[in-house]
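Asker: Structure file protein_9.txt, compact mmCIF, C-alpha atoms and all ligand atoms, is pasted below:
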```
# COMPACT_ATOMS: atom_id res chain seq x y z
CA MET A 483 -67.69 -3.18 23.03
CA THR A 484 -64.13 -3.67 21.83
CA ASP A 485 -62.72 -0.64 23.59
CA ARG A 486 -61.75 -1.59 27.12
CA ALA A 487 -60.39 1.82 28.17
CA PRO A 488 -61.57 2.54 31.73
CA ASN A 489 -63.39 5.69 30.64
CA ALA A 490 -64.89 4.14 27.51
CA ILE A 491 -68.48 5.06 26.71
CA HIS A 492 -70.37 2.20 25.12
CA LEU A 493 -73.38 2.40 22.85
CA VAL A 494 -75.20 0.27 25.43
CA ASP A 495 -73.97 -1.08 28.77
CA LEU A 496 -76.29 -3.71 30.21
CA THR A 497 -74.18 -4.27 33.35
CA ARG A 498 -75.58 -1.05 34.82
CA GLN A 499 -79.17 -2.13 34.36
CA TYR A 500 -78.46 -5.48 35.97
CA ALA A 501 -76.67 -3.83 38.91
CA ALA A 502 -79.71 -1.63 39.53
CA ILE A 503 -82.25 -4.50 39.68
CA LYS A 504 -79.98 -7.44 40.53
CA GLY A 505 -81.97 -8.50 43.60
CA GLU A 506 -85.21 -8.93 41.67
CA ILE A 507 -83.62 -10.56 38.60
CA ASP A 508 -81.68 -13.04 40.74
CA ALA A 509 -84.82 -13.89 42.72
CA ALA A 510 -86.83 -14.50 39.52
CA ILE A 511 -84.13 -16.82 38.18
CA GLN A 512 -83.79 -18.63 41.50
CA GLN A 513 -87.55 -19.10 41.76
CA THR A 514 -87.66 -20.59 38.26
CA LEU A 515 -84.81 -22.97 39.11
CA ASN A 516 -86.46 -23.99 42.37
CA ARG A 517 -89.76 -24.70 40.64
CA GLY A 518 -88.09 -26.88 38.02
CA THR A 519 -91.05 -26.54 35.66
CA PHE A 520 -89.11 -25.18 32.70
CA ALA A 521 -91.62 -26.51 30.19
CA SER A 522 -94.61 -25.12 32.07
CA ASN A 523 -95.22 -21.79 30.33
CA GLN A 524 -96.26 -20.33 33.70
CA SER A 525 -94.13 -17.17 33.75
CA VAL A 526 -94.46 -16.80 29.99
CA ALA A 527 -98.28 -16.83 30.23
CA ALA A 528 -98.21 -14.27 33.04
CA PHE A 529 -95.86 -12.05 31.06
CA GLU A 530 -98.10 -12.36 27.99
CA GLU A 531 -101.02 -10.97 29.95
CA GLU A 532 -98.95 -8.14 31.39
CA PHE A 533 -97.37 -7.18 28.09
CA ALA A 534 -100.74 -7.25 26.27
CA GLN A 535 -102.07 -4.86 28.87
CA TYR A 536 -99.00 -2.65 28.53
CA CYS A 537 -99.49 -2.43 24.75
CA GLY A 538 -103.24 -1.89 25.07
CA VAL A 539 -104.12 -5.02 23.08
CA LYS A 540 -106.21 -8.10 23.82
CA HIS A 541 -103.58 -10.76 23.13
CA CYS A 542 -99.86 -11.31 23.34
CA VAL A 543 -98.19 -14.55 22.27
CA CYS A 544 -94.51 -14.93 23.12
CA VAL A 545 -91.99 -16.63 20.87
CA ASN A 546 -88.23 -17.22 20.87
CA SER A 547 -87.18 -14.13 18.86
CA GLY A 548 -88.42 -11.10 17.00
CA THR A 549 -87.53 -12.85 13.76
CA SER A 550 -89.79 -15.78 14.70
CA ALA A 551 -92.57 -13.32 15.58
CA LEU A 552 -92.35 -11.81 12.09
CA HIS A 553 -92.21 -15.26 10.49
CA LEU A 554 -95.35 -16.48 12.26
CA ALA A 555 -97.08 -13.16 11.53
CA MET A 556 -96.58 -13.85 7.81
CA ILE A 557 -98.09 -17.34 8.09
CA ALA A 558 -101.01 -16.15 10.22
CA SER A 559 -101.68 -13.39 7.65
CA GLU A 560 -101.92 -16.02 4.89
CA VAL A 561 -98.90 -14.74 3.00
CA HIS A 562 -97.91 -17.53 0.60
CA ALA A 563 -95.21 -18.33 -1.93
CA GLY A 564 -95.39 -15.95 -4.89
CA ASP A 565 -97.16 -13.20 -2.94
CA GLU A 566 -95.68 -9.75 -2.47
CA VAL A 567 -95.18 -7.99 0.85
CA ILE A 568 -94.28 -4.31 1.03
CA THR A 569 -91.73 -3.06 3.52
CA VAL A 570 -88.86 -0.56 3.81
CA PRO A 571 -85.28 -1.06 2.59
CA PHE A 572 -83.99 0.75 5.69
CA THR A 573 -84.40 -1.62 8.64
CA PHE A 574 -82.72 -4.56 10.30
CA VAL A 575 -82.64 -7.43 7.81
CA ALA A 576 -85.00 -9.68 9.82
CA THR A 577 -87.99 -7.65 8.63
CA ALA A 578 -87.37 -8.90 5.10
CA TRP A 579 -86.18 -12.39 6.09
CA ALA A 580 -89.65 -13.19 7.42
CA ILE A 581 -91.17 -12.34 4.04
CA SER A 582 -88.63 -14.56 2.28
CA TYR A 583 -89.14 -17.45 4.73
CA VAL A 584 -92.68 -17.99 3.42
CA GLY A 585 -91.54 -17.75 -0.20
CA ALA A 586 -93.01 -14.30 -0.74
CA ARG A 587 -91.18 -11.41 -2.37
CA PRO A 588 -90.18 -8.27 -0.45
CA ILE A 589 -91.17 -5.12 -2.33
CA PHE A 590 -89.32 -2.11 -0.97
CA VAL A 591 -90.74 1.40 -0.64
CA ASP A 592 -88.46 4.28 0.33
CA ILE A 593 -88.57 5.98 3.72
CA GLU A 594 -89.39 9.61 4.49
CA PRO A 595 -86.38 11.63 5.70
CA TRP A 596 -87.88 13.19 8.88
CA GLY A 597 -88.71 9.99 10.77
CA CYS A 598 -86.89 7.39 8.63
CA ASN A 599 -90.08 5.34 8.31
CA LEU A 600 -92.22 4.01 5.45
CA ASP A 601 -93.26 6.88 3.18
CA ALA A 602 -97.04 6.56 3.10
CA GLU A 603 -97.30 8.61 -0.10
CA LYS A 604 -95.02 6.26 -2.00
CA LEU A 605 -96.78 3.19 -0.61
CA ALA A 606 -99.90 3.58 -2.76
CA ARG A 607 -97.90 3.24 -6.00
CA ALA A 608 -96.27 -0.02 -4.86
CA ILE A 609 -99.50 -1.90 -4.20
CA GLY A 610 -100.29 -4.39 -6.94
CA PRO A 611 -102.45 -7.47 -7.56
CA LYS A 612 -99.99 -9.77 -5.75
CA THR A 613 -99.62 -7.61 -2.63
CA ARG A 614 -100.84 -9.38 0.51
CA ALA A 615 -99.38 -7.40 3.41
CA VAL A 616 -97.55 -4.22 4.43
CA VAL A 617 -94.87 -4.20 7.13
CA PRO A 618 -94.02 -0.71 8.42
CA VAL A 619 -91.09 -0.60 10.86
CA HIS A 620 -91.13 1.78 13.83
CA LEU A 621 -87.47 2.61 13.37
CA TYR A 622 -85.34 3.87 16.27
CA GLY A 623 -88.40 3.89 18.58
CA GLN A 624 -90.71 6.24 16.67
CA MET A 625 -93.86 4.86 15.05
CA ALA A 626 -94.50 5.12 11.33
CA ASP A 627 -97.38 7.29 10.04
CA LEU A 628 -99.88 4.48 10.43
CA GLU A 629 -103.16 6.25 9.72
CA PRO A 630 -102.71 6.69 5.94
CA ILE A 631 -100.97 3.29 5.82
CA ARG A 632 -103.91 1.59 7.51
CA GLU A 633 -106.36 3.33 5.18
CA LEU A 634 -104.49 1.96 2.17
CA CYS A 635 -104.40 -1.52 3.73
CA GLU A 636 -108.14 -1.45 4.41
CA LYS A 637 -108.95 -0.20 0.92
CA ASN A 638 -106.86 -2.96 -0.69
CA GLY A 639 -107.63 -5.79 1.74
CA LEU A 640 -104.02 -6.10 2.97
CA ALA A 641 -102.71 -7.32 6.29
CA LEU A 642 -100.96 -4.61 8.34
CA ILE A 643 -98.07 -6.08 10.32
CA GLU A 644 -96.14 -3.66 12.54
CA ASP A 645 -92.47 -4.37 13.10
CA ALA A 646 -92.39 -2.92 16.61
CA ALA A 647 -89.05 -4.52 17.57
CA GLN A 648 -87.59 -1.10 18.40
CA ALA A 649 -90.67 0.59 19.81
CA HIS A 650 -91.90 -0.99 23.07
CA GLY A 651 -94.20 1.68 24.51
CA GLY A 652 -94.01 3.99 21.50
CA GLU A 653 -97.29 5.73 20.69
CA TYR A 654 -99.10 7.08 17.65
CA LYS A 655 -102.27 9.13 18.19
CA GLY A 656 -102.68 7.64 21.66
CA GLN A 657 -102.31 4.02 20.54
CA ARG A 658 -99.27 2.05 21.60
CA ALA A 659 -97.05 0.20 19.15
CA GLY A 660 -98.33 -3.26 18.32
CA GLY A 661 -102.01 -2.38 18.54
CA TYR A 662 -102.68 -0.32 15.44
CA GLY A 663 -102.35 -3.01 12.77
CA HIS A 664 -103.57 -6.62 12.65
CA ILE A 665 -100.39 -7.93 14.25
CA GLY A 666 -97.49 -6.31 16.09
CA CYS A 667 -94.10 -8.02 16.23
CA PHE A 668 -91.71 -7.41 19.12
CA SER A 669 -88.16 -8.48 19.88
CA PHE A 670 -86.77 -8.79 23.39
CA TYR A 671 -83.19 -9.10 22.17
CA PRO A 672 -80.99 -7.97 25.10
CA THR A 673 -80.30 -4.44 23.82
CA LYS A 674 -83.90 -3.54 22.91
CA ASN A 675 -85.85 -1.14 25.15
CA LEU A 676 -87.25 -4.22 26.88
CA GLY A 677 -84.62 -6.94 26.63
CA ALA A 678 -84.38 -10.50 27.88
CA CYS A 679 -81.17 -12.16 29.11
CA GLY A 680 -81.03 -14.05 25.83
CA GLU A 681 -83.30 -14.35 22.81
CA SER A 682 -87.05 -13.84 22.74
CA GLY A 683 -89.90 -12.01 21.08
CA ALA A 684 -93.68 -11.71 20.91
CA ILE A 685 -96.63 -10.92 18.72
CA THR A 686 -99.55 -8.72 19.81
CA THR A 687 -103.02 -8.64 18.27
CA ASN A 688 -106.65 -7.86 18.98
CA ASP A 689 -107.72 -10.80 16.81
CA GLU A 690 -108.48 -13.91 18.86
CA LYS A 691 -108.15 -16.23 15.83
CA ILE A 692 -104.69 -14.91 14.94
CA ALA A 693 -103.52 -15.25 18.56
CA GLU A 694 -104.79 -18.82 18.71
CA ARG A 695 -103.16 -19.79 15.41
CA ILE A 696 -99.79 -18.35 16.45
CA ARG A 697 -100.05 -20.09 19.81
CA HIS A 698 -100.36 -23.38 17.89
CA LEU A 699 -97.71 -22.60 15.29
CA ARG A 700 -95.02 -21.79 17.88
CA ASP A 701 -95.62 -25.14 19.58
CA HIS A 702 -95.29 -27.56 16.61
CA ALA A 703 -98.78 -26.56 15.44
CA GLN A 704 -100.14 -28.76 18.16
CA THR A 705 -103.89 -28.29 18.48
CA SER A 706 -104.26 -31.00 21.12
CA LYS A 707 -101.68 -33.39 22.55
CA TYR A 708 -99.71 -34.87 19.62
CA ARG A 709 -102.21 -33.69 17.03
CA HIS A 710 -100.74 -31.41 14.33
CA GLU A 711 -103.03 -29.71 11.83
CA GLU A 712 -100.30 -28.01 9.80
CA LEU A 713 -96.54 -27.52 9.58
CA GLY A 714 -95.39 -26.22 12.94
CA PHE A 715 -92.32 -24.76 14.63
CA ASN A 716 -90.50 -24.90 17.92
CA TYR A 717 -90.61 -21.16 18.53
CA ARG A 718 -91.62 -21.12 22.21
CA MET A 719 -90.19 -18.53 24.60
CA ASP A 720 -88.34 -20.14 27.44
CA GLU A 721 -89.64 -19.91 30.96
CA MET A 722 -86.51 -18.27 32.35
CA GLN A 723 -86.87 -15.36 29.91
CA GLY A 724 -90.54 -15.03 30.83
CA ALA A 725 -89.63 -14.72 34.52
CA ILE A 726 -86.91 -12.13 33.77
CA LEU A 727 -89.10 -10.10 31.42
CA ARG A 728 -91.86 -9.88 34.05
CA VAL A 729 -89.42 -8.11 36.33
CA LYS A 730 -88.07 -5.84 33.63
CA LEU A 731 -91.48 -4.84 32.27
CA ARG A 732 -92.18 -3.07 35.58
CA TYR A 733 -89.27 -0.73 34.81
CA LEU A 734 -89.96 -0.10 31.14
CA GLU A 735 -91.84 3.17 31.64
CA ASP A 736 -89.03 4.58 33.81
CA TRP A 737 -86.42 3.46 31.31
CA ASN A 738 -88.32 4.98 28.38
CA ALA A 739 -88.67 8.25 30.32
CA ALA A 740 -84.92 8.26 31.01
CA ARG A 741 -84.20 7.63 27.31
CA SER A 742 -86.43 10.56 26.42
CA ARG A 743 -84.64 12.86 28.91
CA ILE A 744 -81.26 11.89 27.49
CA ALA A 745 -82.47 12.45 23.92
CA ARG A 746 -83.73 15.93 24.82
CA TYR A 747 -80.44 16.69 26.54
CA TYR A 748 -78.51 15.64 23.43
CA ILE A 749 -80.76 17.73 21.18
CA ASN A 750 -80.30 20.84 23.34
CA LYS A 751 -76.54 20.45 23.42
CA LEU A 752 -76.14 19.67 19.73
CA THR A 753 -78.47 22.23 18.08
CA GLU A 754 -75.56 24.49 17.12
CA THR A 755 -73.68 21.73 15.29
CA PRO A 756 -74.11 21.11 11.55
CA LEU A 757 -75.63 17.68 12.28
CA VAL A 758 -79.19 16.77 11.33
CA LEU A 759 -80.76 15.80 14.65
CA PRO A 760 -83.63 13.36 15.24
CA SER A 761 -86.92 14.75 16.52
CA GLU A 762 -90.21 13.66 18.00
CA LEU A 763 -92.95 14.07 15.40
CA PRO A 764 -96.45 15.40 16.22
CA ASP A 765 -98.98 12.82 17.53
CA ARG A 766 -96.20 10.46 18.60
CA ARG A 767 -94.37 9.28 21.64
CA HIS A 768 -90.80 8.44 20.66
CA VAL A 769 -89.17 5.85 22.93
CA TRP A 770 -85.63 6.49 21.66
CA HIS A 771 -84.36 2.98 21.11
CA LEU A 772 -81.52 4.69 19.25
CA PHE A 773 -80.34 8.29 19.00
CA VAL A 774 -79.30 8.62 15.37
CA VAL A 775 -77.82 11.83 13.99
CA ARG A 776 -76.91 12.51 10.38
CA ALA A 777 -73.45 13.80 9.57
CA PRO A 778 -72.20 14.65 6.07
CA ASP A 779 -68.76 13.30 7.03
CA ARG A 780 -70.01 10.47 9.18
CA ASP A 781 -66.89 8.29 9.02
CA LYS A 782 -64.61 11.07 10.19
CA LEU A 783 -66.90 11.86 13.13
CA ARG A 784 -67.03 8.20 14.05
CA GLN A 785 -63.23 8.08 14.02
CA GLU A 786 -62.94 11.10 16.30
CA LEU A 787 -65.37 9.51 18.75
CA SER A 788 -63.45 6.27 18.64
CA LYS A 789 -60.20 8.10 19.47
CA ALA A 790 -61.96 9.42 22.58
CA SER A 791 -63.04 5.83 23.48
CA ILE A 792 -66.66 6.51 22.58
CA ASP A 793 -68.64 3.87 20.65
CA ALA A 794 -70.93 5.03 17.88
CA GLY A 795 -73.07 2.68 15.78
CA LEU A 796 -74.32 2.43 12.21
CA HIS A 797 -78.03 1.67 11.94
CA TYR A 798 -77.87 0.71 9.13
CA PRO A 799 -74.92 1.00 6.74
CA ILE A 800 -76.31 -1.11 3.86
CA PRO A 801 -79.97 -0.78 2.82
CA LEU A 802 -81.65 -4.12 2.20
CA HIS A 803 -82.10 -3.61 -1.55
CA LEU A 804 -78.28 -3.47 -1.84
CA GLN A 805 -77.58 -6.51 0.37
CA PRO A 806 -75.85 -9.37 -1.45
CA ALA A 807 -78.49 -11.76 -0.08
CA TYR A 808 -81.16 -9.79 -1.95
CA ARG A 809 -79.30 -9.36 -5.24
CA HIS A 810 -81.84 -11.65 -6.94
CA LEU A 811 -84.59 -9.09 -6.36
CA GLY A 812 -82.95 -6.97 -9.07
CA TYR A 813 -82.78 -3.62 -7.27
CA ARG A 814 -79.97 -1.17 -7.99
CA GLN A 815 -78.11 1.70 -6.40
CA GLY A 816 -80.27 4.80 -6.78
CA ASP A 817 -83.61 2.99 -6.42
CA PHE A 818 -84.26 4.37 -2.91
CA PRO A 819 -82.37 7.66 -2.59
CA THR A 820 -83.52 8.58 0.93
CA ALA A 821 -82.59 5.19 2.39
CA GLU A 822 -79.24 5.31 0.60
CA GLN A 823 -78.42 8.81 1.79
CA ILE A 824 -79.31 8.08 5.41
CA ALA A 825 -77.31 4.83 5.27
CA ARG A 826 -74.28 6.98 4.33
CA GLU A 827 -74.86 9.70 6.94
CA CYS A 828 -76.36 7.95 9.97
CA LEU A 829 -74.47 7.67 13.24
CA SER A 830 -75.94 6.31 16.47
CA LEU A 831 -74.65 8.00 19.64
CA PRO A 832 -74.57 6.18 22.98
CA LEU A 833 -78.01 6.13 24.59
CA TYR A 834 -79.30 3.90 27.35
CA PRO A 835 -81.24 4.75 30.51
CA GLU A 836 -78.25 4.59 32.88
CA LEU A 837 -75.97 6.82 30.77
CA GLU A 838 -74.66 9.63 33.02
CA GLU A 839 -74.78 13.34 32.36
CA SER A 840 -70.99 13.64 32.49
CA GLU A 841 -70.77 10.97 29.79
CA ILE A 842 -73.32 12.67 27.56
CA ASN A 843 -71.35 15.91 27.97
CA ARG A 844 -68.18 14.14 26.90
CA VAL A 845 -69.90 12.74 23.81
CA CYS A 846 -71.29 16.18 22.94
CA ASP A 847 -67.90 17.87 23.37
CA VAL A 848 -66.25 15.49 20.93
CA VAL A 849 -69.14 15.79 18.48
CA ALA A 850 -69.17 19.61 18.68
CA SER A 851 -65.45 19.85 18.02
CA SER A 852 -65.38 17.37 15.12
CA ALA A 853 -68.70 17.65 13.28
C1 LIG A 901 -84.18 -6.59 16.46
C2 LIG A 901 -85.05 -6.45 15.29
C3 LIG A 901 -85.67 -7.55 14.69
C4 LIG A 901 -85.32 -8.98 15.01
O1 LIG A 901 -85.46 -9.36 16.34
P1 LIG A 901 -84.62 -10.61 16.90
O2 LIG A 901 -85.20 -10.78 18.27
O3 LIG A 901 -83.20 -10.20 16.92
O4 LIG A 901 -84.87 -11.77 16.03
C5 LIG A 901 -86.57 -7.32 13.67
N1 LIG A 901 -86.81 -6.09 13.23
C6 LIG A 901 -86.22 -5.00 13.76
C7 LIG A 901 -86.57 -3.65 13.22
C8 LIG A 901 -85.30 -5.14 14.79
O5 LIG A 901 -84.71 -4.06 15.30
```
Would you mind giving the structure from this file in structure tokens?
Answerer:
Amino acid sequence: MTDRAPNAIHLVDLTRQYAAIKGEIDAAIQQTLNRGTFASNQSVAAFEEEFAQYCGVKHCVCVNSGTSALHLAMIASEVHAGDEVITVPFTFVATAWAISYVGARPIFVDIEPWGCNLDAEKLARAIGPKTRAVVPVHLYGQMADLEPIRELCEKNGLALIEDAAQAHGGEYKGQRAGGYGHIGCFSFYPTKNLGACGESGAITTNDEKIAERIRHLRDHAQTSKYRHEELGFNYRMDEMQGAILRVKLRYLEDWNAARSRIARYYINKLTETPLVLPSELPDRRHVWHLFVVRAPDRDKLRQELSKASIDAGLHYPIPLHLQPAYRHLGYRQGDFPTAEQIARECLSLPLYPELEESEINRVCDVVASSA
């Protein structure tokens, strides 16, 4: 949000969302302040129940970020130092951080080009004797092809951990994100489809034992007052975020529907351009966290948009196997051609529920004349 031109179009503008529900958000914050029980877990526990129901799972345990959710998911899945965990090279880096935090090794498998998610056909070849878990990412709001992935996990006794940080409310064959694998990991980072006013995240699961373990781990692994059975963390979600998220959850379906309308509008207006457009795959409900097109001359298009005061994003410009932090893994340029090509061509256009038709038209006009 560097461009301050009065007619600038931002990738996301959270001031509009706040303006629309200000009364309820302010009341939730005020009520929390009045109560003074910031360490009580009251709103957090209520939100956990509501979000579990929303995702169609038995349990939700909130934590202080999506990264923490992934970290605790690794521990609860018994991933240990020296183990291998398979994930994609084309995601936000936190997916792989969690694997590294427990001393395990990320093994990357390329994505498929139509949905930019884990290529289930390539997954089979990457499973080896040290593999403990698979972490598909539901990138941009569309779920990965989980049925063949789950079959492979079951056959090989692997934990299936969904990185659902971009897919609140996304569906695959009638099942919502976070409920198809053993554990689902969510982020409520402010710009996600469901975002807090600060940091927070959650795990979802149908496994009572996993929920219980993560509930302990996030709170210093406390099993009863001042008794600690294992190494724990301070990963609790704060009460203020719980109160705010309870309000926002009631709007999530409307917001996701608005995102979907905007995405369809974009697709209709841009079909004649040479861009590769995103699409909703069969058996899925895409929740359009991001609207990412592919342009052969991406940098030029981005420049033209910038001249017109329109923000466009790169999700993501450097695949994880080429990140300096992961040099030690020994991957090279050319190892994952689909991820590398999409990293070069991807461009995220502005999309958020309150974006106006006149603004979308302006974006489309610039894209049509420069692509
Ligand atoms: C946002 C995100 C995360 C990390 O969530 P934080 O709340 O920022 O820690 C992990 N994975 C993916 C795919 C994300 O988009």
Asker: Return as JSON lines the residues of chain A lying at most 9 Å from ligand LIG 901 (chain A), together with the closest atom-to-atom pair for each and the distance in Å to one decimal, counting only C-alpha atoms and all ligand atoms, with rows in chain order and ascending residue number.
Answerer:
```
{"residue": "A:Asn546", "atom": "CA", "partner": "A:LIG901", "partner_atom": "O2", "distance": 7.6}
{"residue": "A:Ser547", "atom": "CA", "partner": "A:LIG901", "partner_atom": "O2", "distance": 3.9}
{"residue": "A:Gly548", "atom": "CA", "partner": "A:LIG901", "partner_atom": "O2", "distance": 3.5}
{"residue": "A:Thr549", "atom": "CA", "partner": "A:LIG901", "partner_atom": "O4", "distance": 3.7}
{"residue": "A:Ser550", "atom": "CA", "partner": "A:LIG901", "partner_atom": "O4", "distance": 6.5}
{"residue": "A:Ala551", "atom": "CA", "partner": "A:LIG901", "partner_atom": "O4", "distance": 7.9}
{"residue": "A:Leu552", "atom": "CA", "partner": "A:LIG901", "partner_atom": "C5", "distance": 7.5}
{"residue": "A:Thr573", "atom": "CA", "partner": "A:LIG901", "partner_atom": "C7", "distance": 5.5}
{"residue": "A:Phe574", "atom": "CA", "partner": "A:LIG901", "partner_atom": "C7", "distance": 4.9}
{"residue": "A:Val575", "atom": "CA", "partner": "A:LIG901", "partner_atom": "N1", "distance": 7.0}
{"residue": "A:Ala576", "atom": "CA", "partner": "A:LIG901", "partner_atom": "C5", "distance": 4.8}
{"residue": "A:Thr577", "atom": "CA", "partner": "A:LIG901", "partner_atom": "N1", "distance": 5.0}
{"residue": "A:Ala578", "atom": "CA", "partner": "A:LIG901", "partner_atom": "N1", "distance": 8.6}
{"residue": "A:Val619", "atom": "CA", "partner": "A:LIG901", "partner_atom": "C7", "distance": 5.9}
{"residue": "A:His620", "atom": "CA", "partner": "A:LIG901", "partner_atom": "C7", "distance": 7.1}
{"residue": "A:Leu621", "atom": "CA", "partner": "A:LIG901", "partner_atom": "C7", "distance": 6.3}
{"residue": "A:Tyr622", "atom": "CA", "partner": "A:LIG901", "partner_atom": "O5", "distance": 8.0}
{"residue": "A:Asp645", "atom": "CA", "partner": "A:LIG901", "partner_atom": "N1", "distance": 5.9}
{"residue": "A:Ala646", "atom": "CA", "partner": "A:LIG901", "partner_atom": "C7", "distance": 6.8}
{"residue": "A:Ala647", "atom": "CA", "partner": "A:LIG901", "partner_atom": "C8", "distance": 4.7}
{"residue": "A:Gln648", "atom": "CA", "partner": "A:LIG901", "partner_atom": "O5", "distance": 5.2}
{"residue": "A:Ala649", "atom": "CA", "partner": "A:LIG901", "partner_atom": "O5", "distance": 8.8}
{"residue": "A:Cys667", "atom": "CA", "partner": "A:LIG901", "partner_atom": "C5", "distance": 8.0}
{"residue": "A:Phe668", "atom": "CA", "partner": "A:LIG901", "partner_atom": "O1", "distance": 7.1}
{"residue": "A:Ser669", "atom": "CA", "partner": "A:LIG901", "partner_atom": "O2", "distance": 4.1}
{"residue": "A:Phe670", "atom": "CA", "partner": "A:LIG901", "partner_atom": "O2", "distance": 5.7}
{"residue": "A:Tyr671", "atom": "CA", "partner": "A:LIG901", "partner_atom": "O2", "distance": 4.7}
{"residue": "A:Pro672", "atom": "CA", "partner": "A:LIG901", "partner_atom": "O2", "distance": 8.5}
{"residue": "A:Thr673", "atom": "CA", "partner": "A:LIG901", "partner_atom": "C1", "distance": 8.6}
{"residue": "A:Lys674", "atom": "CA", "partner": "A:LIG901", "partner_atom": "C1", "distance": 7.1}
{"residue": "A:Glu681", "atom": "CA", "partner": "A:LIG901", "partner_atom": "O2", "distance": 6.1}
{"residue": "A:Ser682", "atom": "CA", "partner": "A:LIG901", "partner_atom": "O2", "distance": 5.7}
{"residue": "A:Gly683", "atom": "CA", "partner": "A:LIG901", "partner_atom": "O2", "distance": 5.6}
{"residue": "A:Ala684", "atom": "CA", "partner": "A:LIG901", "partner_atom": "O2", "distance": 8.9}
```
Asker: Kindly give the distance, in Å, that separates atom CA of A:Tyr500 and atom CA of A:Gln513, rounded to a single decimal.
Answerer: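 One can read the atom CA of A:Tyr500 to atom CA of A:Gln513 distance as 17.4 Å.
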Asker: Any idea what's packed within 12 Å of A:Ser852, counting all atoms listed in the file, ignoring anything in its chain fewer than 4 positions away? Could you give it as a PyMOL selection string?
Answerer: chain A and resi 752+755-757+777-790+845-848
Asker: One decimal, in Å: what's the spacing between atom CA of A:Ile685 and atom CA of A:Leu802?
Answerer: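 A separation of 23.3 Å between them.
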Asker: Counting only C-alpha atoms, figure out which residue out of A:Val539, A:Val591, A:Cys598, A:Val567 gets nearest to A:Tyr662.
Answerer: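 Distance minimum relative to A:Tyr662 lands on A:Val539.
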Asker: Which one of A:Ile792, A:Val526, A:Val729, A:Val543 sits closest to A:Ala487 if you count only C-alpha atoms?
Answerer: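 Residue with the minimum atom-to-atom distance to A:Ala487: A:Ile792.
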Asker: Could you tell me which of A:Ser830, A:Asn675, A:Thr613, A:Gln823 comes closest to A:Asn738 if we count only C-alpha atoms?
Answerer: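 Of A:Ser830, A:Asn675, A:Thr613, A:Gln823, the one nearest A:Asn738 is A:Asn675, counting only C-alpha atoms.
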Asker: Let me make sure I understand: among A:Asn489, A:Asn688, A:Thr519, A:Ser525, which one has the smallest atom-to-atom distance to A:Gln723 if we use only C-alpha atoms?
Answerer: A:Ser525
Asker: Which of these residues is nearest to A:Arg776, using all atoms listed in the file: A:Arg743, A:His803, A:Arg826, A:His492?
Answerer: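 Ranked by minimum distance to A:Arg776, first place goes to A:Arg826.
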Asker: Hey, what's within 10 Å of A:Ala602 if we count only C-alpha atoms and toss same-chain stuff fewer than 6 positions away? As number ranges by chain, please?
Answerer: A: 591-594, 618, 626-632, 634
Asker: Skip A:Tyr733 itself and residues of its chain fewer than 4 positions away, then list as number ranges by chain all residues within 12 Å of it, counting all atoms listed in the file.
Answerer: A: 499-500, 502-503, 506-507, 536, 651, 675-677, 726-729, 737-740, 835
Asker: Using all atoms listed in the file, pick whichever of A:Ala608, A:Ile842, A:Cys679, A:Val774 has the shortest atom-to-atom distance to A:Lys751.
Answerer: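 So, comparing all the options, the nearest one is A:Ile842.
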Asker: Name the residues, using the chain letters and numbers of the file, that sit within 9 Å of (-98.0, -10.0, 8.7) when counting all atoms listed in the file, and give them as a PyMOL selection string.
Answerer: chain A and resi 552-561+567+581+614-617+641-644+664-667
Asker: Next, write the just-selected residues to a file, as a PDB file, in the coordinates of the input, keeping C-alpha atoms as the atom set.
Answerer:
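Wrote it out as out18.pdb, contents follow:
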```
ATOM      1  CA  LEU A 552     -92.350 -11.810  12.090  1.00  0.00           C
ATOM      2  CA  HIS A 553     -92.210 -15.260  10.490  1.00  0.00           C
ATOM      3  CA  LEU A 554     -95.350 -16.480  12.260  1.00  0.00           C
ATOM      4  CA  ALA A 555     -97.080 -13.160  11.530  1.00  0.00           C
ATOM      5  CA  MET A 556     -96.580 -13.850   7.810  1.00  0.00           C
ATOM      6  CA  ILE A 557     -98.090 -17.340   8.090  1.00  0.00           C
ATOM      7  CA  ALA A 558    -101.010 -16.150  10.220  1.00  0.00           C
ATOM      8  CA  SER A 559    -101.680 -13.390   7.650  1.00  0.00           C
ATOM      9  CA  GLU A 560    -101.920 -16.020   4.890  1.00  0.00           C
ATOM     10  CA  VAL A 561     -98.900 -14.740   3.000  1.00  0.00           C
ATOM     11  CA  VAL A 567     -95.180  -7.990   0.850  1.00  0.00           C
ATOM     12  CA  ILE A 581     -91.170 -12.340   4.040  1.00  0.00           C
ATOM     13  CA  ARG A 614    -100.840  -9.380   0.510  1.00  0.00           C
ATOM     14  CA  ALA A 615     -99.380  -7.400   3.410  1.00  0.00           C
ATOM     15  CA  VAL A 616     -97.550  -4.220   4.430  1.00  0.00           C
ATOM     16  CA  VAL A 617     -94.870  -4.200   7.130  1.00  0.00           C
ATOM     17  CA  ALA A 641    -102.710  -7.320   6.290  1.00  0.00           C
ATOM     18  CA  LEU A 642    -100.960  -4.610   8.340  1.00  0.00           C
ATOM     19  CA  ILE A 643     -98.070  -6.080  10.320  1.00  0.00           C
ATOM     20  CA  GLU A 644     -96.140  -3.660  12.540  1.00  0.00           C
ATOM     21  CA  HIS A 664    -103.570  -6.620  12.650  1.00  0.00           C
ATOM     22  CA  ILE A 665    -100.390  -7.930  14.250  1.00  0.00           C
ATOM     23  CA  GLY A 666     -97.490  -6.310  16.090  1.00  0.00           C
ATOM     24  CA  CYS A 667     -94.100  -8.020  16.230  1.00  0.00           C
TER      25      CYS A 667
END
```
